[in-house]
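To keep things clear, I will list the structure first and then write my remarks on it.
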Amino acid sequence: MDSKRLGQVQILTEKHIDSVLNFERELLNKNSELDDMEKEMSSWHAKWRQEQLEHYLSLGWSAGIYNDDHQLSAYYLAQPIVFFRGLTQTIWVEHFAFENKQDMETLLEVCYRQAREKHLQAVIVHNPSAPISEVHEGLKAQKLDEELYLIKTAKF
């Protein structure tokens with residue numbers, strides 16, 4: 001992984017809420033299949049709505065990549081959970097958003113390293129926008145079902 005990319009990665013906190021909202025609104029506006037009303041309605045139940053961001057970003061497990069213009073270009077929302085399918089401790093990744101697969105690869109690596117450093121057993125990614133195996137060949141992701149991927153971070 002390019003060490004320059006890692007220098008742009010930041011742990012997201014509540015002070016980043018506005019940049020996440022702006023990033024997601026830009027992604028939503030790029031979707032030409034939806035009219036303005038559909039875009040507004042989809043934001044009401046989006047994983048990036050205000051109250052969800054307040055929860056996840058206050059925990060310190062989410063990360064983002066900022067480009068040279070200090071604009072968010074990718075991020076994920078995550079939290080630790082216990083007792084998932086027999087695993088004692090895992091990182092649950094609720095949402096990934098990115099403009100390019102290289103950013104997703106970088107953030108997958110960050111999340112994986114974070115889990116290993118904290119001695120957690122796995123990373124569970126919910127419904128990524130792209131199959132993990134296509135984005136990061138080095139991480140052996142197991143598809144649990146149509147919406148969940150498991151990345152082992154410990155031997156078990």
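Each chain in the structure tokens gets a letter, A, B and so on, in the order shown; residues start at 1 in every chain, and ligands are counted from 1 in the order they appear.
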I want to know what sits within 6 Å of stretch 68-78 of chain A, based on only C-alpha atoms, with residues of the same chain fewer than 2 positions away left out; could you give that as a list in words?
Trp61, Ser62, Ala63, Gly64, Ile65, Tyr66, Trp92, Val93, Glu94, His95, Phe96, Ala97 and Phe98 of chain A
Identify, on the basis of only C-alpha atoms, every residue whose closest approach to A:Leu150 does not exceed 8 Å; exclude the query and any residue fewer than 3 positions from it along the same chain; express the result as a PyMOL selection string.
chain A and resi 122-125+141-144
Go through chain A and collect every residue that DSSP, computed from the backbone, puts in strand (DSSP E or B); the answer should be as JSON, numbers by chain.
{"A": [9, 10, 11, 63, 64, 65, 66, 72, 73, 74, 75, 76, 77, 78, 79, 80, 81, 82, 83, 84, 87, 88, 89, 90, 91, 92, 93, 94, 95, 96, 97, 98, 122, 123, 124, 125, 126, 141, 142, 143, 148, 149, 150, 151, 152]}
How many Å lie between atom CA of A:His126 and atom CA of A:Tyr149, rounded to one decimal?
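Interatomic distance, atom CA of A:His126 to atom CA of A:Tyr149: 6.6 Å.
Residues surrounding stretch 40-48 of chain A within 8 Å are Val20, Leu21, Glu24, Asp36, Gln52, Leu53, Glu94 and His95 of chain A [only C-alpha atoms; sequence separation below 4 positions excluded].
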Store the residues picked out above in a file with N, CA, C and O atoms, as a tab-separated table (two decimals), in the first residue's frame.
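What follows is the written file result.tsv:
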chain	number	residue	atom	x	y	z
A	20	VAL	N	-18.70	14.58	5.79
A	20	VAL	CA	-19.33	13.33	5.37
A	20	VAL	C	-20.66	13.61	4.70
A	20	VAL	O	-20.97	13.06	3.63
A	21	LEU	N	-21.47	14.47	5.30
A	21	LEU	CA	-22.76	14.82	4.70
A	21	LEU	C	-22.57	15.45	3.32
A	21	LEU	O	-23.29	15.09	2.37
A	24	GLU	N	-21.53	12.70	0.79
A	24	GLU	CA	-22.65	11.83	0.43
A	24	GLU	C	-23.67	12.56	-0.45
A	24	GLU	O	-24.22	11.97	-1.38
A	36	ASP	N	-35.07	14.84	-7.85
A	36	ASP	CA	-34.76	15.53	-6.60
A	36	ASP	C	-35.55	15.00	-5.41
A	36	ASP	O	-35.01	14.87	-4.30
A	52	GLN	N	-27.07	8.84	12.70
A	52	GLN	CA	-26.19	7.69	12.56
A	52	GLN	C	-24.73	8.14	12.57
A	52	GLN	O	-23.88	7.51	13.20
A	53	LEU	N	-24.44	9.26	11.91
A	53	LEU	CA	-23.08	9.80	11.93
A	53	LEU	C	-22.68	10.20	13.35
A	53	LEU	O	-21.54	9.96	13.77
A	94	GLU	N	-20.48	-0.76	8.99
A	94	GLU	CA	-21.86	-0.53	8.57
A	94	GLU	C	-21.95	0.01	7.15
A	94	GLU	O	-22.85	-0.32	6.40
A	95	HIS	N	-20.98	0.87	6.78
A	95	HIS	CA	-21.13	1.58	5.51
A	95	HIS	C	-19.77	1.98	4.97
A	95	HIS	O	-18.92	2.48	5.70
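Of the listed residues (A:Met104, A:Thr90, A:Val82, A:Met37), A:Thr90 comes nearest to A:Thr153; the distances count only C-alpha atoms.
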From the list A:Asn127, A:Arg85, A:Leu139, A:Ser58, which residue is nearest A:Glu105 when using only C-alpha atoms?
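Closest residue, counting only C-alpha atoms: A:Leu139.
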Can you list, as a PyMOL selection string, every residue of chain A that DSSP puts in helix (DSSP H, G or I)?
chain A and resi 3-7+14-30+36-44+50-59+101-117+132-135
